[in-house]
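**Q** For reference, the structure I am asking about is given below.
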Amino acid sequence: MSNSHPVALILGATGKTGSHLVNLLEKDAGSDNVEICVAVRKPEQAETFRKRGISTVHLDLEVLSTYEKALQGVQRLFMITGYTVDMLSQGKNLTDAAKNAGVEYIVHVGTFHQRDRPQTKLIRHYIWHQLIETYIEASGIAWTHLHPNAFMQNFFAAVQDNKLRMFYGHERVGLIDCFDLASVAAAALRNPQKHAGERYFLSVEALNMTEAAQILSEELDKIITYEPLPAAEMRNLPIGQTMEPAYFECIVRQMELLQAGKLPDFADVYDNIPEITGQKATMFREFVRNNRAQL
């Protein structure tokens, strides 16, 4: 890593949001751009990025000994923790390591929990994210917290046999494209002075799933009907066998509360992306149009 530009270490670079973020920052040019470094767990992941001219470091959130070396020479950190209760120790230890390494700024991806609203008290993994955020803020490192609502990408696996099967019941749910989340993160990493200390709640459009099915029908040129699924059926999904049980049960509980009408917060919408990124937000219809092949 060179010293000519501030170095931004990107966690989760192979995921839906992180991959968009790397692509956005890779395109940057000019004297004020950031130098990308990607954290990887596996050697084959490193080779993929090196072929693109992107430097990598080995960082395994489950292996504390990898933190110090990975953070050497890093000024800005894009932080995503794992889908496990260990996110608490990972978030705390990574923040400590960042402080010791001289990291100046953290962009942290959390959950959609507005202060003093129901989900801040009723959903355990949302509470875990609040604890991590509080620890980051207490560290003295400048920070920006990103709070995305439900990802539009969740629809990719939900449309099958001309049916939209979701666990959202009949409630209205706010949506966000992972690309827009990545765009906000990129804006923050490019300009910490402008975005430090901000909490960005990202939810561009609220739909119930009958409305979503109608949009899907119109854009895919076939009739899609909505089939609501009971929250308990989540336990039959393959992800229920692979995700850590404590975290997975948090998600099941979240869907139970949503279906019972106890989480009206998820219908909240914010018109803040154009101001943050200078670009219009992606609405659900445009998202479907852009991703027809995956739906």
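Residue numbering restarts at 1 for every chain of the structure tokens, chains are lettered A, B, ... in their displayed order, and ligands are numbered from 1 as they appear.
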Set the distance at 12 Å and use only C-alpha atoms: which residues neighbour region 233-237 of chain A once local chain neighbours fewer than 5 positions away are removed? I'd like the list as a short mmCIF file (atom, residue, chain, number, x, y, z; two decimals) with C-alpha atoms, in the first residue's frame.
**A**
data_model
loop_
_atom_site.label_atom_id
_atom_site.label_comp_id
_atom_site.auth_asym_id
_atom_site.auth_seq_id
_atom_site.Cartn_x
_atom_site.Cartn_y
_atom_site.Cartn_z
CA ALA A 157 -34.58 -16.11 -4.37
CA ALA A 158 -38.18 -15.30 -3.49
CA ARG A 165 -42.94 -16.02 -1.35
CA MET A 166 -41.86 -13.79 1.50
CA PHE A 167 -41.99 -13.62 5.29
CA TYR A 168 -43.18 -10.01 5.48
CA PRO A 228 -47.14 -14.93 2.52
CA THR A 242 -25.94 -23.02 8.21
CA MET A 243 -26.39 -19.73 10.09
CA PRO A 245 -28.63 -20.53 15.73
CA PHE A 248 -30.94 -17.00 13.02
CA GLU A 249 -33.54 -17.07 15.79
CA CYS A 250 -33.24 -13.28 15.99
CA ILE A 251 -34.34 -13.07 12.36
CA VAL A 252 -37.24 -15.47 12.93
CA ARG A 253 -38.37 -13.36 15.88
CA GLN A 254 -38.09 -10.23 13.77
CA MET A 255 -40.43 -11.70 11.16
CA GLU A 256 -42.87 -12.84 13.86
#
**Q** Each residue of region 127-238 of chain A lying at most 12 Å from region 36-43 of chain A should get a row with its shortest atom-to-atom pair and the distance in Å to one decimal, counting only C-alpha atoms; could you produce that, ordered by chain and increasing number, as a Markdown table?
**A**
| residue | atom | partner | partner_atom | distance |
| --- | --- | --- | --- | --- |
| A:Ala186 | CA | A:Ile36 | CA | 10.9 |
| A:Leu189 | CA | A:Ile36 | CA | 10.3 |
| A:Arg190 | CA | A:Ile36 | CA | 10.9 |
**Q** Extract, using only C-alpha atoms, all DNA, RNA and protein residues at most 12 Å from Arg115 (chain A), discarding same-chain residues fewer than 5 positions from it, and format them as a PDB file with N, CA and C atoms, in the first residue's frame.
**A**
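Now in out_39.pdb:
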ATOM      1  N   THR A 120     -35.553  -1.171  18.323  1.00  0.00           N
ATOM      2  CA  THR A 120     -34.350  -0.966  19.127  1.00  0.00           C
ATOM      3  C   THR A 120     -34.419  -1.731  20.438  1.00  0.00           C
ATOM      4  N   LYS A 121     -35.598  -2.193  20.812  1.00  0.00           N
ATOM      5  CA  LYS A 121     -35.781  -2.872  22.093  1.00  0.00           C
ATOM      6  C   LYS A 121     -36.201  -4.330  21.933  1.00  0.00           C
ATOM      7  N   TYR A 126     -30.455  -6.435  16.571  1.00  0.00           N
ATOM      8  CA  TYR A 126     -30.443  -4.980  16.435  1.00  0.00           C
ATOM      9  C   TYR A 126     -29.822  -4.340  17.671  1.00  0.00           C
ATOM     10  N   ILE A 127     -30.091  -4.912  18.820  1.00  0.00           N
ATOM     11  CA  ILE A 127     -29.479  -4.432  20.058  1.00  0.00           C
ATOM     12  C   ILE A 127     -27.971  -4.658  20.012  1.00  0.00           C
ATOM     13  N   GLN A 130     -26.427  -1.933  18.112  1.00  0.00           N
ATOM     14  CA  GLN A 130     -26.386  -0.688  18.878  1.00  0.00           C
ATOM     15  C   GLN A 130     -25.197  -0.670  19.831  1.00  0.00           C
ATOM     16  N   HIS A 147     -27.634   2.542   8.150  1.00  0.00           N
ATOM     17  CA  HIS A 147     -28.745   1.745   8.662  1.00  0.00           C
ATOM     18  C   HIS A 147     -29.679   1.350   7.517  1.00  0.00           C
ATOM     19  N   ARG A 199     -25.672   9.473  11.011  1.00  0.00           N
ATOM     20  CA  ARG A 199     -26.386   8.194  10.941  1.00  0.00           C
ATOM     21  C   ARG A 199     -27.310   8.272   9.727  1.00  0.00           C
ATOM     22  N   PHE A 201     -30.115   6.556   7.662  1.00  0.00           N
ATOM     23  CA  PHE A 201     -31.136   5.519   7.546  1.00  0.00           C
ATOM     24  C   PHE A 201     -31.540   5.429   6.080  1.00  0.00           C
ATOM     25  N   ASP A 265     -42.081   0.572  12.261  1.00  0.00           N
ATOM     26  CA  ASP A 265     -40.900   1.336  11.860  1.00  0.00           C
ATOM     27  C   ASP A 265     -40.380   0.927  10.488  1.00  0.00           C
TER      28      ASP A 265
END
**Q** One decimal, in Å: what's the spacing between CA of Glu35 (chain A) and CA of Gln279 (chain A)?
**A**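 Atom-to-atom, CA of Glu35 (chain A) and CA of Gln279 (chain A) are spaced 22.6 Å apart.
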**Q** May I ask which of the residues A:Asn149, A:Thr95, A:Asn272, A:Thr48 is the closest one to Glu68 (chain A), counting only C-alpha atoms?
**A**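 Using only C-alpha atoms, the shortest distance to Glu68 (chain A) belongs to A:Thr95.
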**Q** So that I can see what lies close to Leu131 (chain A), please list as a count of residues only the residues with an atom at most 10 Å from it, counting only C-alpha atoms and leaving out residues fewer than 5 positions away in the same chain.
**A** 7
